[in-house]
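J.: Structure below; questions to follow.
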Amino acid sequence: MASRIYAWLDSRLNLKAVEHSLLDEPIPGGASWIYVFGSATLFLFVLQAVTGMFLAIYYAPTPDHAYDSVQFIENQVTFGWFVRGLHHWGASGMVIAVGLHMLQVFLYGAFKPPRELMWMVGVVLLLLVLGFAFTGYLLPWDQTAYWATQVGINMVGTVPLVGDFLVKVMRGGETLGALTLSRFFAVHVLFLPAVIVTGIMLHLFILRRVGPAGPWDEKKAAAGSETFHPRQVYMDAVVMVGVFALLVLLACLVPFPLADKANPADTSFVPVPEWYFLFYYELLKYVHGPLEPVATWILPGLFIAALLLWPFLDWQKTVRAPASRPVGMALGAIFLLVVFSLLGVSLKSLYGVKRADPGVAHGQALFASLGCTGCHRIHGTGGAIGPDLSYVGDERPDREWHMKHFRDPQSVSPGSIMPKFPLSEQELRDLTSYMVSLKKTG
């Protein structure tokens with residue numbers, strides 16, 4: 001039946017020609033696991049697009065509702081937490097996959113003639129991925145998102161001549177507010193997807209025209225070739241399944257809670273960007289005063305220009321073996337050493353010392369101010385009228401249960417003598433955060 005349907009469609013759409021173009025492309029030197037990163041990146045983009053569409057169904061891009069809509073997705077929508085987890089970790093996965101793909105291309109010298117345009121389009125795609133990360137970071141509208149975006153926009157303002165104009169365009173006005181959020185949302189879900197799909201199509205078109213580079217060893221490349229199907233397809237499929245399984249595990253086992261709702265008046269909040277921006281965040285700490293533009297736009301601008309023009313800056317046009325390109329390899333190694341060193345220093349300073357969650361600290365203060373210690377004991381302190389809450393986070397990790405309990409104790413614990421407390425939504429969240437933090441491992 002399937003073969004008949006395919007034959008019918010082929011007679012009208014000439015599908016065999018498309019199949020030949022996509023699957024019968026020769027790979028010099030044969031299939032290899034080192035070539036899987038491009039397909040992994042494409043798979044992650046599709047996953048981001050699908051999960052993003054489902055998230056957009058419930059998301060409200062306004063300062064009054066954005067934070068609550070994300071909370072609703074996380075706590076009320078069936079499998080909403082799972083879809084959000086896939087989207088969050090998928091963003092990190094896409095940055096890693098793009099980075100590994102470009103590293104493989106650089107290492108193999110696959111940017112050399114006649115593949116200069118393919119490399120340049122790939123650099124633009126890398127910048128677009130980072131643009132996705134930056135614009136998407138604001139959308140939850142929590143404290144971290146708000147202030148990290150404020151820092152990023154202020155950095156754009158240091159660009160001479162056009163900095164102020166660009167800041168106003170990004171903000172939609174003089175301050176970061178409703179227009180900023182709506183613009184970032186539109187760019188994230190409309191403009192960037194359209195541009196990146198165009199870039200991916202152009203990237204694949206160029207690949208089909210110039211063909212894969214294959215191994216850097218000319219003898220191995222000349223020894224024979226192998227079609228993309230079946231072995232390379234199999235390798236790509238295995239990696240895609242493995243990547244998806246890893247993202248599922250991360251989404252299920254590593255939650256990504258929101259910080260407090262964005263508060264423009266709280267200028268004391270210190271934002272921390274996502275891990276893939278941390279090395280740059282650390283670099284900014286060492287550059288102050290008149291030298292600040294060096295870190296905010298001069299170095300990034302020079303690096304992006306060098307990356308785009310690297311196929312033309314590399315004078316060894318025909319040499320691809322890494323051992324025959326000592327200068328290029330050394331520059332690449334120095335760059336990676338600097339990035340990972342800054343990343344390591346930043347991670348050590350951020351997570352080397354255990355830091356208290358502001359929401360947990362506020363919840364603990366609420367617990368004391370409401371007189372809860374008169375009935376409940378925590379680690380030997382407090383009354384014994386109600387249950388001991390020393391390890392309630394292990395016994396009841398479900399945040400939704402605690403939220404319902406605080407709103408109306410009778411709804412989840414019939415016969416409870418605990419009164420209702422007139423708490424705001426933020427106070428309910430903070431008190432819940434304190435409860436679930438009470439664990440044996442905490």
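Ligands are numbered from 1 in the order shown, residues from 1 within each chain, and chains are lettered A, B, ... in the order they appear in the structure tokens.
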Residues within 12 Å of A:His20, please, as a ChimeraX atom specification. Count only C-alpha atoms; anything in the same chain fewer than 3 positions from it doesn't count.
T.: /A:14-17,23-26,208,227-229
J.: Emit the selected residues as a short mmCIF file (atom, residue, chain, number, x, y, z; two decimals), in the first residue's frame, including N, CA and C atoms.
T.:
data_model
loop_
_atom_site.label_atom_id
_atom_site.label_comp_id
_atom_site.auth_asym_id
_atom_site.auth_seq_id
_atom_site.Cartn_x
_atom_site.Cartn_y
_atom_site.Cartn_z
N ASN A 14 7.72 13.65 -9.12
CA ASN A 14 9.10 13.26 -9.44
C ASN A 14 9.95 13.19 -8.17
N LEU A 15 9.49 12.42 -7.19
CA LEU A 15 10.15 12.34 -5.90
C LEU A 15 11.50 11.63 -5.97
N LYS A 16 11.68 10.75 -6.94
CA LYS A 16 12.95 10.03 -7.02
C LYS A 16 14.12 10.97 -7.29
N ALA A 17 13.84 12.05 -8.01
CA ALA A 17 14.90 13.03 -8.26
C ALA A 17 15.30 13.71 -6.96
N LEU A 23 19.73 11.81 -0.76
CA LEU A 23 20.27 10.60 -0.14
C LEU A 23 21.44 9.99 -0.89
N ASP A 24 21.60 10.32 -2.16
CA ASP A 24 22.66 9.68 -2.94
C ASP A 24 23.88 10.58 -3.13
N GLU A 25 23.96 11.64 -2.34
CA GLU A 25 25.11 12.53 -2.44
C GLU A 25 26.37 11.80 -1.99
N PRO A 26 27.43 11.82 -2.78
CA PRO A 26 28.66 11.11 -2.39
C PRO A 26 29.43 11.85 -1.30
N ARG A 208 24.95 21.33 -1.37
CA ARG A 208 24.61 20.47 -2.51
C ARG A 208 25.40 20.88 -3.77
N THR A 227 27.74 7.03 -0.49
CA THR A 227 26.54 7.87 -0.52
C THR A 227 26.05 8.18 0.90
N PHE A 228 25.33 9.27 1.00
CA PHE A 228 24.80 9.72 2.30
C PHE A 228 23.91 8.64 2.93
N HIS A 229 23.15 7.96 2.11
CA HIS A 229 22.30 6.85 2.57
C HIS A 229 22.97 5.53 2.17
#
J.: Would you please extract all alpha helix (DSSP H) residues from stretch 373-442 of chain A, as assigned by DSSP on the backbone, and give them as a ChimeraX atom specification?
T.: /A:392-395,399-407,409-412,425-436
J.: Could the residues in this selection be written to a file with N, CA and C atoms, as a compact mmCIF listing (two decimals), in the first residue's frame?
T.:
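Below you can see result39.txt, which holds the result:
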# COMPACT_ATOMS: atom_id res chain seq x y z
N VAL A 392 9.91 18.34 54.89
CA VAL A 392 8.68 18.30 54.11
C VAL A 392 8.97 18.34 52.60
N GLY A 393 10.12 18.93 52.22
CA GLY A 393 10.48 18.97 50.80
C GLY A 393 10.72 17.59 50.22
N ASP A 394 11.19 16.65 51.05
CA ASP A 394 11.36 15.27 50.60
C ASP A 394 10.03 14.53 50.59
N GLU A 395 9.19 14.82 51.60
CA GLU A 395 7.92 14.12 51.74
C GLU A 395 6.89 14.61 50.74
N ARG A 399 4.98 21.28 44.30
CA ARG A 399 4.72 22.70 44.58
C ARG A 399 3.24 23.02 44.52
N GLU A 400 2.55 22.41 43.55
CA GLU A 400 1.13 22.71 43.40
C GLU A 400 0.34 22.32 44.65
N TRP A 401 0.70 21.20 45.28
CA TRP A 401 0.01 20.79 46.50
C TRP A 401 0.18 21.84 47.59
N HIS A 402 1.38 22.34 47.76
CA HIS A 402 1.63 23.37 48.78
C HIS A 402 0.86 24.65 48.48
N MET A 403 0.83 25.04 47.20
CA MET A 403 0.09 26.26 46.82
C MET A 403 -1.38 26.12 47.18
N LYS A 404 -1.97 24.98 46.85
CA LYS A 404 -3.38 24.75 47.20
C LYS A 404 -3.57 24.72 48.71
N HIS A 405 -2.62 24.13 49.41
CA HIS A 405 -2.72 24.02 50.86
C HIS A 405 -2.71 25.39 51.52
N PHE A 406 -1.86 26.28 51.02
CA PHE A 406 -1.78 27.62 51.60
C PHE A 406 -3.01 28.46 51.24
N ARG A 407 -3.56 28.24 50.04
CA ARG A 407 -4.76 28.98 49.66
C ARG A 407 -5.97 28.54 50.48
N PRO A 409 -6.41 25.29 53.20
CA PRO A 409 -5.94 24.04 53.82
C PRO A 409 -6.96 22.91 53.76
N GLN A 410 -8.26 23.23 53.86
CA GLN A 410 -9.30 22.20 53.86
C GLN A 410 -9.40 21.48 52.52
N SER A 411 -8.96 22.13 51.44
CA SER A 411 -9.12 21.54 50.11
C SER A 411 -8.22 20.33 49.91
N VAL A 412 -7.08 20.29 50.60
CA VAL A 412 -6.17 19.16 50.44
C VAL A 412 -5.97 18.37 51.74
N GLU A 425 0.04 36.17 45.35
CA GLU A 425 0.58 35.06 44.57
C GLU A 425 2.10 34.93 44.77
N GLN A 426 2.78 36.08 44.82
CA GLN A 426 4.23 36.03 45.01
C GLN A 426 4.58 35.46 46.38
N GLU A 427 3.82 35.84 47.41
CA GLU A 427 4.06 35.32 48.75
C GLU A 427 3.78 33.81 48.82
N LEU A 428 2.74 33.38 48.10
CA LEU A 428 2.45 31.95 48.05
C LEU A 428 3.61 31.18 47.40
N ARG A 429 4.15 31.74 46.32
CA ARG A 429 5.26 31.08 45.63
C ARG A 429 6.50 31.02 46.53
N ASP A 430 6.77 32.13 47.23
CA ASP A 430 7.97 32.16 48.08
C ASP A 430 7.83 31.22 49.28
N LEU A 431 6.64 31.18 49.86
CA LEU A 431 6.42 30.28 50.99
C LEU A 431 6.54 28.82 50.53
N THR A 432 6.02 28.55 49.33
CA THR A 432 6.15 27.20 48.76
C THR A 432 7.61 26.85 48.49
N SER A 433 8.37 27.82 47.97
CA SER A 433 9.79 27.59 47.72
C SER A 433 10.51 27.22 49.01
N TYR A 434 10.15 27.87 50.10
CA TYR A 434 10.78 27.55 51.38
C TYR A 434 10.41 26.14 51.82
N MET A 435 9.16 25.76 51.63
CA MET A 435 8.72 24.42 52.05
C MET A 435 9.47 23.33 51.27
N VAL A 436 9.54 23.47 49.95
CA VAL A 436 10.17 22.41 49.16
C VAL A 436 11.69 22.41 49.32
J.: Using only C-alpha atoms, determine which residues lie at most 10 Å from A:Ser92, disregarding the query and same-chain residues fewer than 3 positions distant; provide the list as a list in words.
T.: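 Result of the neighbour search: Leu44, His87, His88, Trp89, Val95, Ile96, Ala97, Ala133, Leu247, Glu274, Trp275 and Tyr276 of chain A.
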J.: For a quick check of understanding, using only C-alpha atoms, which of A:Tyr391, A:Phe421, A:Tyr35, A:Tyr67 has the smallest distance to A:Leu366?
T.: A:Phe421
J.: Could you work out how far atom CA of A:Pro273 lies from atom CA of A:Ser437, giving the answer in Å with one decimal?
T.: 23.4 Å
J.: Go through A:Leu343, A:Ala321, A:Ala333, A:Ile304 one by one, measure the shortest atom-to-atom distance of each to A:Lys112 using only C-alpha atoms, and give the residue with the smallest value.
T.: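 Going through A:Leu343, A:Ala321, A:Ala333, A:Ile304 one by one, the smallest distance to A:Lys112 is for A:Ala321.
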J.: Using only C-alpha atoms, find the one residue out of A:Ile57, A:Ala49, A:Ser3, A:Leu117 that sits nearest to A:Phe312.
T.: A:Leu117
J.: Determine, counting only C-alpha atoms, which protein, DNA and RNA residues have an atom within 7 Å of an atom of A:Thr62; residues of the same chain fewer than 6 positions away are not included. Present the result as a JSON list (two decimals) with C-alpha atoms, in the first residue's frame.
T.:
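Saved to out33.json:
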[["chain", "number", "residue", "atom", "x", "y", "z"],
["A", 178, "ALA", "CA", 5.85, 46.41, 27.49],
["A", 181, "LEU", "CA", 8.79, 42.48, 25.66],
["A", 182, "SER", "CA", 6.43, 42.51, 22.66]]
J.: Applying 12 Å and only C-alpha atoms, which residues near A:Ala259 remain after dropping the ones on its own chain fewer than 4 positions away? List them as a PyMOL selection string.
T.: chain A and resi 67+70-71+140-147+263+269-272+357-360+426+429-430+433
J.: Determine the nearest neighbour of A:Phe134 from the options A:Leu331, A:Val187, A:Ala56, A:Ala251, counting only C-alpha atoms.
T.: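 Ranked by minimum distance to A:Phe134, first place goes to A:Val187.
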